[in-house]
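File shown: input.tsv. Contents: TSV, C-alpha atoms.
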chain	number	residue	atom	x	y	z
A	1	MET	CA	0.00	0.00	0.00
A	2	VAL	CA	1.29	3.43	-0.89
A	3	PHE	CA	0.16	6.16	1.45
A	4	MET	CA	0.79	9.87	1.04
A	5	ARG	CA	-0.51	12.82	3.05
A	6	VAL	CA	-0.66	16.05	1.08
A	7	ALA	CA	-1.26	19.51	2.57
A	8	ILE	CA	-2.51	22.14	0.13
A	9	SER	CA	-2.61	25.83	0.99
A	10	THR	CA	-6.20	27.00	0.40
A	11	THR	CA	-8.66	29.73	1.27
A	12	ASN	CA	-11.91	28.10	2.43
A	13	GLY	CA	-10.55	24.61	1.92
A	14	GLY	CA	-11.87	21.50	0.18
A	15	LEU	CA	-11.25	19.77	-3.13
A	16	ASP	CA	-13.03	22.46	-5.16
A	17	ASP	CA	-11.10	25.38	-3.68
A	18	ARG	CA	-7.99	26.69	-5.41
A	19	VAL	CA	-4.40	26.43	-4.26
A	20	SER	CA	-3.44	29.75	-2.66
A	21	ASP	CA	-0.24	31.57	-3.45
A	22	VAL	CA	0.88	32.06	0.15
A	23	PHE	CA	2.07	29.40	2.57
A	24	GLY	CA	2.47	30.68	6.14
A	25	ARG	CA	-0.40	33.10	5.90
A	26	THR	CA	-2.82	31.01	3.89
A	27	MET	CA	-6.29	30.91	5.43
A	28	SER	CA	-6.50	27.12	5.59
A	29	PHE	CA	-4.83	23.88	4.63
A	30	THR	CA	-6.71	21.13	2.87
A	31	ILE	CA	-5.06	17.91	3.98
A	32	VAL	CA	-5.68	15.02	1.65
A	33	ASP	CA	-4.78	11.38	2.32
A	34	ILE	CA	-3.98	9.40	-0.77
A	35	GLU	CA	-3.84	5.62	-0.71
A	36	ASN	CA	-2.75	3.71	-3.79
A	37	GLY	CA	-3.51	6.69	-5.98
A	38	GLU	CA	-6.98	7.33	-4.58
A	39	ILE	CA	-8.24	10.10	-2.34
A	40	LYS	CA	-9.25	8.47	0.93
A	41	ASN	CA	-9.77	11.32	3.33
A	42	VAL	CA	-10.02	15.12	3.20
A	43	GLU	CA	-9.56	17.34	6.22
A	44	VAL	CA	-9.64	21.15	6.27
A	45	VAL	CA	-7.50	22.80	8.94
A	46	LYS	CA	-8.02	26.50	9.57
A	47	ASN	CA	-4.67	28.30	9.77
A	48	GLU	CA	-4.75	30.06	13.11
A	49	PHE	CA	-1.29	31.49	12.45
A	50	ALA	CA	-2.45	33.46	9.39
A	51	MET	CA	-3.06	36.65	11.34
A	52	ARG	CA	-0.42	36.26	14.03
A	53	GLY	CA	2.67	38.44	14.30
A	54	GLY	CA	5.96	36.99	13.10
A	55	GLY	CA	6.93	33.44	12.32
A	56	ALA	CA	3.72	32.25	10.66
A	57	GLY	CA	5.60	30.15	8.11
A	58	ILE	CA	7.63	28.51	10.85
A	59	ALA	CA	4.60	27.73	12.99
A	60	VAL	CA	2.74	26.31	10.01
A	61	SER	CA	5.71	24.13	9.02
A	62	GLN	CA	5.81	22.78	12.54
A	63	LEU	CA	2.07	22.07	12.43
A	64	LEU	CA	2.32	20.19	9.14
A	65	ALA	CA	5.33	18.20	10.36
A	66	ASP	CA	3.39	17.23	13.49
A	67	LYS	CA	0.47	16.12	11.33
A	68	GLY	CA	2.72	13.74	9.43
A	69	VAL	CA	2.39	15.52	6.10
A	70	ASP	CA	4.63	14.15	3.31
A	71	VAL	CA	4.02	16.73	0.58
A	72	VAL	CA	2.99	20.39	0.47
A	73	VAL	CA	1.38	22.05	-2.55
A	74	THR	CA	1.41	25.86	-2.44
A	75	GLY	CA	2.68	28.97	-4.20
A	76	ASN	CA	5.67	30.46	-2.41
A	77	VAL	CA	7.54	29.34	0.69
A	78	GLY	CA	9.84	31.63	2.68
A	79	PRO	CA	13.38	30.69	3.69
A	80	ASN	CA	12.67	29.72	7.32
A	81	ALA	CA	9.68	27.58	6.41
A	82	MET	CA	11.61	25.99	3.55
A	83	SER	CA	14.46	24.89	5.78
A	84	ILE	CA	12.09	23.37	8.34
A	85	LEU	CA	10.05	21.57	5.71
A	86	SER	CA	13.14	20.07	4.15
A	87	SER	CA	14.56	19.07	7.56
A	88	ALA	CA	11.27	17.33	8.25
A	89	GLY	CA	11.57	15.53	4.92
A	90	ILE	CA	8.51	17.27	3.46
A	91	ARG	CA	8.65	17.96	-0.27
A	92	VAL	CA	7.11	21.12	-1.65
A	93	TYR	CA	5.44	21.57	-5.04
A	94	ARG	CA	4.13	24.63	-6.81
A	95	GLY	CA	0.43	24.57	-7.65
A	96	SER	CA	-0.91	28.07	-7.09
A	97	GLY	CA	-4.13	28.86	-8.96
A	98	LEU	CA	-4.97	25.22	-9.69
A	99	LYS	CA	-8.09	23.60	-8.33
A	100	VAL	CA	-7.16	21.37	-5.41
A	101	ARG	CA	-8.58	18.32	-7.19
A	102	ASP	CA	-6.54	19.05	-10.33
A	103	ALA	CA	-3.41	19.84	-8.33
A	104	ILE	CA	-3.58	16.41	-6.68
A	105	GLU	CA	-4.06	14.66	-10.01
A	106	ARG	CA	-1.13	16.50	-11.52
A	107	LEU	CA	0.97	15.83	-8.45
A	108	MET	CA	0.34	12.09	-8.78
A	109	ARG	CA	1.21	12.21	-12.47
A	110	GLY	CA	4.45	13.95	-11.54
A	111	GLU	CA	3.53	17.13	-13.40
A	112	LEU	CA	3.98	19.69	-10.63
A	113	GLU	CA	7.19	21.65	-10.30
A	114	GLU	CA	9.10	20.94	-7.10
A	115	ILE	CA	10.10	24.03	-5.11
A	116	ARG	CA	13.63	23.62	-3.83
A	117	SER	CA	14.65	27.18	-3.02
A	118	PRO	CA	12.73	29.67	-0.92
A	119	GLY	CA	10.95	32.72	-2.29
A	120	ARG	CA	10.81	36.14	-0.75
A	121	PRO	CA	10.18	36.16	3.00
A	122	MET	CA	6.74	37.56	3.79
A	123	GLY	CA	6.93	38.43	7.45
A	124	ARG	CA	9.66	40.18	9.37
A	125	GLY	CA	12.00	42.50	7.60
A	126	ARG	CA	9.45	44.60	5.78
A	127	ARG	CA	9.68	48.28	6.45
A	128	TRP	CA	7.72	50.88	4.58
A	129	LEU	CA	8.55	54.07	6.43
A	130	GLY	CA	11.77	55.94	5.99
B	1	MET	CA	16.34	70.07	32.25
B	2	ALA	CA	14.48	67.94	29.77
B	3	ARG	CA	14.71	64.84	27.67
B	4	ILE	CA	12.89	65.73	24.50
B	5	ALA	CA	11.88	63.07	21.99
B	6	VAL	CA	11.29	63.95	18.36
B	7	ALA	CA	8.76	61.59	16.76
B	8	SER	CA	6.21	61.79	13.98
B	9	GLY	CA	4.12	58.84	13.01
B	10	LYS	CA	4.68	59.29	9.30
B	11	GLY	CA	8.22	58.87	8.03
B	12	GLY	CA	9.91	61.61	6.07
B	13	THR	CA	8.28	64.53	7.85
B	14	GLY	CA	11.61	65.85	9.09
B	15	LYS	CA	12.34	64.20	12.44
B	16	THR	CA	16.06	64.03	11.82
B	17	THR	CA	16.26	67.57	10.42
B	18	ILE	CA	14.49	68.91	13.50
B	19	ALA	CA	16.34	66.74	16.02
B	20	VAL	CA	19.81	67.41	14.65
B	21	ASN	CA	19.35	71.17	14.35
B	22	LEU	CA	17.58	71.51	17.70
B	23	ALA	CA	20.45	69.69	19.38
B	24	TYR	CA	23.22	71.46	17.50
B	25	PHE	CA	22.05	75.06	17.84
B	26	ASN	CA	21.20	74.62	21.52
B	27	ARG	CA	24.26	72.52	22.40
B	28	VAL	CA	22.28	69.58	23.75
B	29	ASP	CA	23.32	65.90	23.62
B	30	LEU	CA	21.73	64.12	20.67
B	31	PHE	CA	20.57	60.49	20.60
B	32	ASP	CA	19.55	58.65	17.45
B	33	LEU	CA	17.22	55.80	18.39
B	34	ASP	CA	16.18	55.04	14.82
B	35	VAL	CA	18.63	52.16	14.96
B	36	GLU	CA	17.28	50.46	11.85
B	37	GLU	CA	18.50	53.36	9.76
B	38	PRO	CA	20.29	55.94	11.86
B	39	ASN	CA	21.31	59.08	10.02
B	40	CYS	CA	22.05	61.83	12.57
B	41	HIS	CA	25.77	60.99	12.18
B	42	ILE	CA	25.62	62.31	8.62
B	43	PHE	CA	25.16	65.77	10.13
B	44	ILE	CA	27.13	65.49	13.35
B	45	LYS	CA	30.44	64.24	12.07
B	46	GLY	CA	33.32	62.85	14.05
B	47	GLU	CA	35.31	59.80	15.06
B	48	GLY	CA	33.02	57.26	16.71
B	49	LYS	CA	33.65	55.02	19.71
B	50	GLU	CA	31.86	51.70	19.17
B	51	LYS	CA	30.53	49.02	21.48
B	52	VAL	CA	28.88	45.79	20.38
B	53	VAL	CA	25.38	45.05	21.72
B	54	TYR	CA	24.46	41.46	22.55
B	55	ARG	CA	21.26	39.77	23.51
B	56	LYS	CA	20.45	36.33	24.88
B	57	VAL	CA	19.28	33.53	22.61
B	58	PRO	CA	18.81	29.84	23.40
B	59	SER	CA	21.48	27.29	22.62
B	60	VAL	CA	20.39	23.65	22.77
B	61	ASP	CA	22.57	20.87	24.13
B	62	LYS	CA	21.43	18.11	21.78
B	63	SER	CA	22.84	15.35	23.99
B	64	ARG	CA	20.32	16.30	26.68
B	65	CYS	CA	17.34	17.25	24.51
B	66	ASP	CA	14.64	14.58	24.15
B	67	TYR	CA	12.55	16.64	21.70
B	68	CYS	CA	9.61	16.91	24.09
B	69	GLY	CA	8.59	20.23	22.53
B	70	ILE	CA	7.91	22.17	25.74
B	71	CYS	CA	10.32	24.95	24.69
B	72	ARG	CA	8.45	25.31	21.40
B	73	ASP	CA	5.08	25.42	23.15
B	74	VAL	CA	6.10	28.18	25.56
B	75	CYS	CA	7.71	30.30	22.82
B	76	GLU	CA	5.32	33.09	21.94
B	77	TYR	CA	7.29	33.95	18.78
B	78	HIS	CA	7.65	30.56	17.05
B	79	ALA	CA	11.39	30.85	17.40
B	80	ILE	CA	11.88	27.15	18.18
B	81	VAL	CA	10.91	24.26	15.96
B	82	VAL	CA	10.96	20.72	17.30
B	83	LEU	CA	10.66	17.77	14.94
B	84	LYS	CA	10.75	14.07	15.87
B	85	ASP	CA	14.50	14.01	16.18
B	86	ALA	CA	15.66	17.55	15.48
B	87	ILE	CA	15.38	20.99	17.06
B	88	TYR	CA	15.97	24.36	15.40
B	89	VAL	CA	16.22	27.81	16.91
B	90	MET	CA	15.24	30.76	14.70
B	91	HIS	CA	17.47	33.35	16.34
B	92	GLU	CA	16.06	36.33	14.49
B	93	LEU	CA	12.56	35.61	15.81
B	94	CYS	CA	13.68	35.11	19.42
B	95	HIS	CA	12.74	37.95	21.80
B	96	SER	CA	15.16	36.83	24.55
B	97	CYS	CA	12.39	36.20	27.07
B	98	GLY	CA	14.15	33.14	28.51
B	99	ALA	CA	10.99	31.03	28.78
B	100	CYS	CA	12.47	28.10	26.83
B	101	SER	CA	15.47	27.64	29.08
B	102	TYR	CA	13.37	28.22	32.20
B	103	PHE	CA	10.83	25.55	31.30
B	104	CYS	CA	13.14	22.95	29.73
B	105	PRO	CA	12.70	19.89	31.98
B	106	ARG	CA	16.09	18.47	31.03
B	107	GLY	CA	18.18	21.59	31.41
B	108	ALA	CA	19.19	21.30	27.79
B	109	ILE	CA	18.81	24.98	26.92
B	110	GLU	CA	21.39	27.57	27.83
B	111	GLU	CA	21.09	31.26	26.99
B	112	VAL	CA	24.08	32.57	25.04
B	113	ASP	CA	25.08	36.02	23.78
B	114	ARG	CA	24.40	36.90	20.19
B	115	PRO	CA	25.68	40.18	18.71
B	116	ILE	CA	22.79	42.17	17.22
B	117	GLY	CA	24.21	45.62	16.66
B	118	ARG	CA	26.34	48.36	18.16
B	119	VAL	CA	26.23	51.65	20.01
B	120	VAL	CA	28.39	54.46	18.64
B	121	GLU	CA	29.41	57.63	20.49
B	122	VAL	CA	30.64	60.66	18.59
B	123	GLN	CA	32.12	63.70	20.33
B	124	SER	CA	31.84	66.69	18.03
B	125	GLU	CA	30.59	70.20	18.87
B	126	ILE	CA	27.85	68.26	20.58
B	127	ARG	CA	27.80	64.65	21.75
B	128	LEU	CA	25.92	62.22	19.49
B	129	THR	CA	25.09	58.67	20.53
B	130	TYR	CA	23.41	56.34	18.10
B	131	GLY	CA	22.58	52.68	17.68
B	132	VAL	CA	22.96	50.47	14.65
B	133	LEU	CA	20.94	47.27	14.32
B	134	ASN	CA	22.52	44.48	12.30
B	135	VAL	CA	20.74	43.72	9.04
B	136	GLY	CA	18.32	40.81	9.36
B	137	GLU	CA	17.52	41.26	13.06
B	138	ALA	CA	13.80	41.23	13.79
B	139	THR	CA	13.64	43.57	16.75
B	140	PRO	CA	15.52	46.82	17.34
B	141	ILE	CA	14.36	47.15	20.96
B	142	PRO	CA	17.50	45.76	22.68
B	143	VAL	CA	19.75	48.16	20.73
B	144	ILE	CA	17.42	51.08	21.49
B	145	LYS	CA	17.59	50.19	25.20
B	146	HIS	CA	21.38	50.17	25.12
B	147	VAL	CA	21.52	53.63	23.54
B	148	LYS	CA	18.99	54.93	26.09
B	149	ARG	CA	21.32	54.05	28.95
B	150	LYS	CA	23.60	56.86	27.75
B	151	ILE	CA	20.89	59.50	28.04
B	152	GLY	CA	21.50	62.10	30.73
B	153	ARG	CA	19.15	64.78	32.04
B	154	ASP	CA	19.16	66.91	28.90
B	155	ALA	CA	18.73	65.26	25.56
B	156	ILE	CA	17.22	65.51	22.12
B	157	ILE	CA	16.12	62.07	20.97
B	158	ASP	CA	15.52	61.23	17.31
B	159	CYS	CA	12.90	58.46	17.26
B	160	PRO	CA	12.01	55.83	14.65
B	161	PRO	CA	8.93	56.48	12.49
B	162	GLY	CA	5.63	54.74	13.10
B	163	VAL	CA	3.85	54.17	16.40
B	164	SER	CA	4.76	50.55	17.09
B	165	CYS	CA	7.21	49.05	19.62
B	166	PRO	CA	10.40	50.85	18.44
B	167	MET	CA	8.74	54.27	18.66
B	168	VAL	CA	7.07	53.47	21.99
B	169	GLU	CA	10.37	52.29	23.48
B	170	SER	CA	12.09	55.43	22.18
B	171	VAL	CA	9.64	57.96	23.65
B	172	ARG	CA	8.84	56.02	26.82
B	173	ASP	CA	11.20	57.70	29.29
B	174	CYS	CA	11.24	61.19	27.83
B	175	ASP	CA	9.80	64.29	29.52
B	176	TYR	CA	8.26	65.78	26.42
B	177	CYS	CA	7.72	64.80	22.82
B	178	VAL	CA	7.79	66.98	19.72
B	179	LEU	CA	5.65	65.50	16.97
B	180	VAL	CA	6.91	66.64	13.60
B	181	CYS	CA	4.29	66.78	10.89
B	182	GLU	CA	3.93	68.20	7.42
B	183	PRO	CA	0.75	69.71	6.01
B	184	THR	CA	-0.42	66.64	4.08
B	185	PRO	CA	-3.40	64.31	4.68
B	186	PHE	CA	-1.05	61.36	5.10
B	187	SER	CA	0.99	63.08	7.78
B	188	TYR	CA	-2.22	64.25	9.50
B	189	HIS	CA	-3.50	60.68	9.60
B	190	ASP	CA	-0.31	59.34	11.19
B	191	LEU	CA	-0.02	62.33	13.51
B	192	LYS	CA	-3.36	61.37	15.06
B	193	LEU	CA	-2.02	57.84	15.66
B	194	ALA	CA	1.09	59.25	17.30
B	195	MET	CA	-0.98	61.60	19.48
B	196	ASP	CA	-3.14	58.65	20.56
B	197	ALA	CA	-0.05	56.67	21.48
B	198	LEU	CA	1.41	59.52	23.53
B	199	ASP	CA	-1.92	60.14	25.27
B	200	LYS	CA	-1.97	56.49	26.33
B	201	LEU	CA	1.63	56.70	27.50
B	202	GLY	CA	0.89	59.90	29.42
B	203	ILE	CA	3.67	61.85	27.71
B	204	PRO	CA	3.07	65.56	27.08
B	205	TYR	CA	3.64	66.69	23.52
B	206	GLY	CA	3.45	69.56	21.08
B	207	VAL	CA	3.27	69.62	17.31
B	208	LEU	CA	5.91	71.14	15.07
B	209	ILE	CA	4.79	71.95	11.54
B	210	ASN	CA	7.52	71.26	9.03
B	211	LYS	CA	7.22	72.27	5.36
B	212	HIS	CA	4.85	75.00	6.55
B	213	GLY	CA	3.13	76.63	3.58
B	214	LEU	CA	1.94	73.51	1.79
B	215	PRO	CA	-1.76	73.95	0.93
B	216	PHE	CA	-3.29	71.36	3.30
B	217	ASN	CA	-4.50	73.13	6.43
B	218	ILE	CA	-3.41	70.75	9.15
B	219	GLU	CA	-3.38	73.31	11.96
B	220	GLU	CA	-7.14	73.77	12.10
B	221	LYS	CA	-7.62	70.01	12.36
B	222	ILE	CA	-5.39	69.22	15.31
B	223	ASP	CA	-6.11	69.85	18.93
B	224	ALA	CA	-2.59	70.30	20.26
B	225	GLU	CA	-0.14	73.08	20.93
B	226	ILE	CA	1.88	74.16	17.89
B	227	VAL	CA	5.44	74.65	19.14
B	228	GLY	CA	6.95	75.94	15.93
B	229	ARG	CA	6.83	76.13	12.15
B	230	ILE	CA	9.61	75.47	9.65
B	231	PRO	CA	8.81	76.88	6.21
B	232	PHE	CA	8.56	74.82	3.04
B	233	ASP	CA	11.89	75.88	1.62
B	234	ARG	CA	13.76	74.11	-1.14
B	235	LYS	CA	17.07	75.27	0.36
B	236	ILE	CA	16.38	73.16	3.47
B	237	ALA	CA	16.04	70.03	1.35
B	238	GLU	CA	19.20	70.92	-0.54
B	239	SER	CA	21.20	71.40	2.68
B	240	TYR	CA	19.79	68.18	4.10
B	241	SER	CA	20.76	66.21	1.00
B	242	LYS	CA	24.33	67.46	1.40
B	243	GLY	CA	24.46	66.57	5.08
B	244	GLU	CA	24.59	70.22	6.15
B	245	LEU	CA	23.06	71.91	9.17
B	246	LEU	CA	20.51	74.70	8.69
B	247	HIS	CA	22.59	77.69	9.77
B	248	ASN	CA	20.05	80.09	8.23
B	249	TYR	CA	17.47	78.82	10.69
B	250	ALA	CA	19.66	78.72	13.80
B	251	GLU	CA	17.54	81.38	15.49
B	252	THR	CA	14.31	79.48	14.73
B	253	PHE	CA	15.70	76.36	16.39
B	254	ARG	CA	16.78	78.35	19.44
B	255	GLU	CA	13.29	79.83	19.74
B	256	ILE	CA	11.64	76.42	19.41
B	257	TYR	CA	13.91	74.98	22.10
B	258	GLU	CA	13.03	77.87	24.43
B	259	VAL	CA	9.36	76.97	23.99
B	260	ILE	CA	9.66	73.22	24.51
B	261	LYS	CA	12.33	72.93	27.18
B	262	CYS	CA	10.05	74.37	29.84
B	263	ARG	CA	7.00	72.30	28.90

Before anything else, please render the file you have as structure tokens.
Amino acid sequence: MVFMRVAISTTNGGLDDRVSDVFGRTMSFTIVDIENGEIKNVEVVKNEFAMRGGGAGIAVSQLLADKGVDVVVTGNVGPNAMSILSSAGIRVYRGSGLKVRDAIERLMRGELEEIRSPGRPMGRGRRWLG
Amino acid sequence: MARIAVASGKGGTGKTTIAVNLAYFNRVDLFDLDVEEPNCHIFIKGEGKEKVVYRKVPSVDKSRCDYCGICRDVCEYHAIVVLKDAIYVMHELCHSCGACSYFCPRGAIEEVDRPIGRVVEVQSEIRLTYGVLNVGEATPIPVIKHVKRKIGRDAIIDCPPGVSCPMVESVRDCDYCVLVCEPTPFSYHDLKLAMDALDKLGIPYGVLINKHGLPFNIEEKIDAEIVGRIPFDRKIAESYSKGELLHNYAETFREIYEVIKCR
């Protein structure tokens, strides 16, 4: 039996939602269990870190590692989150804009691009005022 | 005898111009607490004496750690990540509260010094003390606190923009605050935020209108004492861009200081 747990960054969550572009501050994660190529279970987890101060990407990475996620599908991942995800052995794929259902199909067919290097950090370090 | 903070809310209204010239023409010690991008030293030139600033961050003894995750759970800032058989500390997110080492049941966490910036003292015609935060650090507060220790009974304090923690820490122990604004809707909006913050902190303040003469009538909208006006004058911007003091306005800055030092 081949089992894989996939976490997809989403807004409201569910198979008909679309993959959101942000990781740490996405509104929810749709966590899909795949067994032998079939969707067995779908769980939507609200991202309570979305509106928190700093370190959302880190907290979310920790959460997904604790949940035993194997693969993440999202848009961009910051440097801190990326290093935690890779330490936890979680692979990250780009799927922003796709429907969750389609993203999973493409993932299983090996058509999604793997993200190996972090994008721009979203949280700390921004400063608008001079 | 007064410690006078110069703040604004909106950035770019002229805090540094006002602070530097107020200090220089009245021979008062100057402190630059905008440690993320200090610039008073461009105007008050001289050889600087430097001291490194450290703060405490956790260091994990991996031979003792059993990855129980308590340190992660007590960290308010997600600065520690614990996986099944690995632990990571995100130093730049750590606020040095010490909770992780306090609560670690196995005594595996020790607090160690990490350099985060420096304090520089310049003795010129006046004394300037400023902080510099290292690039990539999340919080300027520890560096601001180190600079503040050098403040005596009389001081002009250049504060960071905004009204969040760095500004609050910078104005907190002053006797009076000058809020620099310019006659624009944006500056007016942020001025109100700054006034709210100072009201809550119980710090008396007055408003200084910079770039006076711009068409937006800010004075009729604000309910605070106006302590001075600096005209909208292209020559001021030119001097500023060359790192020069405003000798043509020396008298204005002396008058303003006379008004605010006894508030």

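Atom CA of A:Ser83 to atom CA of B:Met90 spans 10.7 Å [interatomic distance, one decimal].
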
(request) Could you tell me how far atom CA of A:Asn41 lies from atom CA of A:Asp16, in Å and to one decimal? (result) 14.4 Å

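Distance check against chain B using only C-alpha atoms: of A:Asn76, A:Ser86, A:Asn36, A:Asn12, the minimum falls on A:Ser86.
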
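Atom CA of B:Tyr102 to atom CA of A:Ser61 spans 24.8 Å [interatomic distance, one decimal].
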
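Residue nearest chain B within the list A:Ile58, A:Val92, A:Val32, A:Met4: A:Ile58 [criterion: smallest interatomic distance, only C-alpha atoms].
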
Give as an mmCIF file with C-alpha atoms, in the coordinates of the input each residue that has an atom at most 10 Å from (10.6, 30.2, 3.4) in the file, counting only C-alpha atoms.
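Printed below is selection.cif as written:
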data_model
loop_
_atom_site.group_PDB
_atom_site.id
_atom_site.type_symbol
_atom_site.label_atom_id
_atom_site.label_comp_id
_atom_site.auth_asym_id
_atom_site.auth_seq_id
_atom_site.Cartn_x
_atom_site.Cartn_y
_atom_site.Cartn_z
ATOM 1 C CA PHE A 23 2.070 29.400 2.570
ATOM 2 C CA GLY A 24 2.470 30.680 6.140
ATOM 3 C CA GLY A 57 5.600 30.150 8.110
ATOM 4 C CA ILE A 58 7.630 28.510 10.850
ATOM 5 C CA SER A 61 5.710 24.130 9.020
ATOM 6 C CA ASN A 76 5.670 30.460 -2.410
ATOM 7 C CA VAL A 77 7.540 29.340 0.690
ATOM 8 C CA GLY A 78 9.840 31.630 2.680
ATOM 9 C CA PRO A 79 13.380 30.690 3.690
ATOM 10 C CA ASN A 80 12.670 29.720 7.320
ATOM 11 C CA ALA A 81 9.680 27.580 6.410
ATOM 12 C CA MET A 82 11.610 25.990 3.550
ATOM 13 C CA SER A 83 14.460 24.890 5.780
ATOM 14 C CA ILE A 84 12.090 23.370 8.340
ATOM 15 C CA LEU A 85 10.050 21.570 5.710
ATOM 16 C CA SER A 117 14.650 27.180 -3.020
ATOM 17 C CA PRO A 118 12.730 29.670 -0.920
ATOM 18 C CA GLY A 119 10.950 32.720 -2.290
ATOM 19 C CA ARG A 120 10.810 36.140 -0.750
ATOM 20 C CA PRO A 121 10.180 36.160 3.000
ATOM 21 C CA MET A 122 6.740 37.560 3.790
ATOM 22 C CA GLY A 123 6.930 38.430 7.450
#

(message) Counting only C-alpha atoms, which residues have an atom no more than 9 Å from (18.6, 41.9, 23.6) in the file's coordinates? Please list them as a PyMOL selection string.
(response) chain B and resi 53-57+95-96+113-116+139-143+145-146

(request) Skip A:Ile31 itself and residues of its chain fewer than 4 positions away, then list as a PyMOL selection string all residues within 8 Å of it, counting all atoms listed in the file. (result) chain A and resi 5-8+42-45

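Shell of stretch 184-187 of chain B at 9 Å, with only C-alpha atoms counted and residues fewer than 6 places along the chain excluded, is Ser8, Gly9, Lys10, Gly11, Thr13, Leu214, Pro215, Phe216, Asn217 and Ile218 of chain B.
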
Using the file's own x, y and z axes, what box holds all listed atoms of stretch 183-196 of chain B with 3 Å on each side, keeping edges along x, y and z, and what are its centre and edge lengths in Å to one decimal, as JSON?
{"center_x": -1.2, "center_y": 63.8, "center_z": 12.3, "size_x": 10.6, "size_y": 17.9, "size_z": 22.5}
